[in-house]
Amino acid sequence: MLSREEAIKIFTDSGALMEGHFLLTSGRHSNQYMQCAQVLQYPAYTEKLAQDIAEKFAGDGIELVIGPAMGGIIVSYEVSRQLGVPGIFAERKDGKMEIRRGFTIKPGQKVLVVEDVVTTGGSVREVMDAVREAGGKVAGVAVLVDRSNGQVDFGVKQAAVLTMDIQSWESADCPLCAEGKSEAYKPGSRG
């Protein structure tokens with residue numbers, strides 16, 4: 001298993017953990033931002049991070065790994081490869097997360113839901129619902145980065161490679177804005 005220091009080094013060296021003045025999807029401001037797409041472009045880093053997850057679920061009888069599109073696709077693939085089971089993804093259709101493209105989940109199949117970054121857990125919960133609607137059993141949730149600092153509870157076994165408390169503020173309360181040295185930048189995938 002990776003130590004916290006090893007994980008932070010991987011995220012920092014890959015450019016995934018950034019320092020600055022950021023506008024989050026929620027509208028809040030932060031002095032740190034986690035862009036996991038940056039780390040996932042490096043197969044060696046992706047392999048190490050996914051290995052950490054796979055080790056944590058190795059004895060749980062996982063039969064399938066699923067992640068939400070987009071952030072969970074690469075994570076699902078690599079974790080499933082390391083566990084020796086199929087890996088699929090769910091995607092949004094008409095605002096709802098669905099299992100499509102001919103992917104199937106067998107009734108009672110033990111499924112691990114994975115994601116790159118969790119802040120509120122909304123996408124993960126939607127995938128969990130899709131798994132259950134298909135008849136699968138959510139055996140666990142694993143993420144590369146838990147930005148909630150362990151506050152999000154999915155009601156199943158869960159694990160994160162890195163748990164962080166990334167500070168954020170309402171724009172009116174942002175100390176970086178008060179300093180007036182920079183404007184908030186939105187590096188995310190939704191903006």
# chains A, B, ... in the order shown; residues from 1 in each chain; ligands from 1

$ closest_atom_pairs --of "segment 39-83 of chain A" --to "segment 94-118 of chain A" --cutoff "6 Å" --atoms "only C-alpha atoms" --output "Markdown table"
| residue | atom | partner | partner_atom | distance |
| --- | --- | --- | --- | --- |
| A:Ile62 | CA | A:Lys110 | CA | 5.2 |
| A:Glu63 | CA | A:Lys110 | CA | 5.3 |
| A:Leu64 | CA | A:Val111 | CA | 4.8 |
| A:Val65 | CA | A:Leu112 | CA | 4.8 |
| A:Ile66 | CA | A:Val113 | CA | 5.0 |
| A:Gly67 | CA | A:Val114 | CA | 4.8 |
| A:Gly71 | CA | A:Asp116 | CA | 5.4 |
| A:Gly72 | CA | A:Glu115 | CA | 4.4 |

$ residues_around --residues "Ala160 of chain A" --least-positions-apart "3" --cutoff "10 Å" --atoms "only C-alpha atoms" --output "JSON, numbers by chain"
{"A": [49, 52, 53, 56, 114, 115, 116, 117, 118, 141, 142, 143, 144, 145, 146, 147, 149, 150, 163, 164]}

$ write_last_selection --atoms "C-alpha atoms" --output "compact mmCIF listing (two decimals), in the first residue's frame"
# COMPACT_ATOMS: atom_id res chain seq x y z
CA LEU A 49 -2.62 4.01 -7.59
CA ASP A 52 -3.32 0.39 -3.84
CA ILE A 53 -7.09 0.07 -4.39
CA LYS A 56 -7.57 -3.08 -0.28
CA VAL A 114 -14.51 3.36 -8.40
CA GLU A 115 -14.00 7.05 -9.12
CA ASP A 116 -11.10 9.44 -9.52
CA VAL A 117 -12.14 12.22 -7.10
CA VAL A 118 -14.99 12.41 -4.60
CA VAL A 141 -16.45 2.04 -3.20
CA ALA A 142 -12.87 3.12 -3.90
CA VAL A 143 -11.52 6.48 -5.03
CA LEU A 144 -8.14 7.86 -5.89
CA VAL A 145 -8.79 11.05 -3.90
CA ASP A 146 -11.37 11.73 -1.21
CA ARG A 147 -11.62 15.52 -1.04
CA ASN A 149 -11.59 14.20 4.22
CA GLY A 150 -13.59 11.07 5.01
CA THR A 163 -7.83 11.50 1.79
CA MET A 164 -7.51 15.28 1.89

$ residues_around --residues "Gln167 of chain A" --least-positions-apart "5" --cutoff "8 Å" --atoms "only C-alpha atoms" --output "JSON, numbers by chain"
{"A": [30, 31, 32]}

$ write_last_selection --atoms "N, CA and C atoms" --output "tab-separated table (two decimals), in the first residue's frame"
chain	number	residue	atom	x	y	z
A	30	SER	N	-10.90	27.86	-3.89
A	30	SER	CA	-9.96	27.03	-3.14
A	30	SER	C	-8.53	27.39	-3.53
A	31	ASN	N	-7.60	27.07	-2.64
A	31	ASN	CA	-6.17	27.30	-2.93
A	31	ASN	C	-5.49	26.04	-3.46
A	32	GLN	N	-6.24	24.93	-3.53
A	32	GLN	CA	-5.72	23.69	-4.10
A	32	GLN	C	-6.77	23.11	-5.04

$ closest_residue --among "A:Leu17, A:Ala178, A:Met70, A:Ala54" --to "Gly84 of chain A" --atoms "only C-alpha atoms"
A:Ala54

$ select_by_dssp --residues "chain A" --states "strand (DSSP E or B)" --output "VMD selection string"
chain A and resid 17 to 23 29 to 34 64 to 68 87 to 93 96 to 98 110 to 118 137 to 146 148 158 to 163 165 168 to 169 185

$ write_last_selection --atoms "C-alpha atoms" --output "short mmCIF file (atom, residue, chain, number, x, y, z; two decimals), in the first residue's frame"
data_model
loop_
_atom_site.label_atom_id
_atom_site.label_comp_id
_atom_site.auth_asym_id
_atom_site.auth_seq_id
_atom_site.Cartn_x
_atom_site.Cartn_y
_atom_site.Cartn_z
CA LEU A 17 -2.37 18.36 -7.28
CA MET A 18 -2.20 22.05 -8.07
CA GLU A 19 -1.68 25.11 -5.88
CA GLY A 20 -3.18 28.48 -6.79
CA HIS A 21 -6.58 30.23 -6.80
CA PHE A 22 -9.32 28.02 -8.19
CA LEU A 23 -13.04 28.27 -8.92
CA HIS A 29 -12.98 29.10 -4.25
CA SER A 30 -9.96 27.03 -3.14
CA ASN A 31 -6.17 27.30 -2.93
CA GLN A 32 -5.72 23.69 -4.10
CA TYR A 33 -7.19 21.71 -6.97
CA MET A 34 -7.04 18.03 -7.82
CA LEU A 64 -16.84 -6.59 -11.55
CA VAL A 65 -15.49 -3.03 -11.35
CA ILE A 66 -17.48 -0.01 -12.57
CA GLY A 67 -16.82 3.71 -12.65
CA PRO A 68 -18.69 6.75 -13.91
CA GLY A 87 -14.26 -3.46 -15.82
CA ILE A 88 -17.08 -1.34 -17.21
CA PHE A 89 -18.41 2.19 -16.91
CA ALA A 90 -21.72 3.97 -16.51
CA GLU A 91 -22.59 7.17 -18.32
CA ARG A 92 -25.23 9.86 -18.27
CA LYS A 93 -28.19 9.68 -20.59
CA LYS A 96 -29.39 9.90 -15.38
CA MET A 97 -26.41 7.59 -14.86
CA GLU A 98 -27.02 4.36 -16.80
CA LYS A 110 -20.32 -8.30 -6.31
CA VAL A 111 -19.39 -4.93 -7.78
CA LEU A 112 -16.71 -2.43 -6.78
CA VAL A 113 -17.57 1.17 -7.71
CA VAL A 114 -14.51 3.36 -8.40
CA GLU A 115 -14.00 7.05 -9.12
CA ASP A 116 -11.10 9.44 -9.52
CA VAL A 117 -12.14 12.22 -7.10
CA VAL A 118 -14.99 12.41 -4.60
CA LYS A 137 -24.54 -5.95 -5.11
CA VAL A 138 -22.32 -2.96 -4.33
CA ALA A 139 -19.48 -4.57 -2.39
CA GLY A 140 -17.45 -1.39 -1.98
CA VAL A 141 -16.45 2.04 -3.20
CA ALA A 142 -12.87 3.12 -3.90
CA VAL A 143 -11.52 6.48 -5.03
CA LEU A 144 -8.14 7.86 -5.89
CA VAL A 145 -8.79 11.05 -3.90
CA ASP A 146 -11.37 11.73 -1.21
CA SER A 148 -14.25 15.28 1.69
CA GLN A 158 -14.86 2.25 1.15
CA ALA A 159 -11.26 3.21 0.58
CA ALA A 160 -9.25 6.08 -0.85
CA VAL A 161 -5.65 6.21 -2.00
CA LEU A 162 -5.47 9.75 -0.60
CA THR A 163 -7.83 11.50 1.79
CA ASP A 165 -9.14 18.26 3.48
CA SER A 168 -12.73 26.05 0.08
CA TRP A 169 -14.61 29.27 0.65
CA TYR A 185 -9.34 30.00 -12.30
#

$ closest_residue --among "A:Thr46, A:Gln51, A:Thr25, A:Ser14" --to "Ile74 of chain A" --atoms "only C-alpha atoms"
A:Thr46

$ select_by_dssp --residues "segment 9-159 of chain A" --states "alpha helix (DSSP H)" --output "JSON, numbers by chain"
{"A": [9, 10, 11, 12, 13, 36, 37, 38, 39, 40, 43, 44, 45, 46, 47, 48, 49, 50, 51, 52, 53, 54, 55, 56, 57, 71, 72, 73, 74, 75, 76, 77, 78, 79, 80, 81, 82, 83, 122, 123, 124, 125, 126, 127, 128, 129, 130, 131, 132, 133]}

$ closest_residue --among "A:Gln38, A:Ala172, A:Asp60, A:Ser80" --to "Lys157 of chain A" --atoms "only C-alpha atoms"
A:Asp60
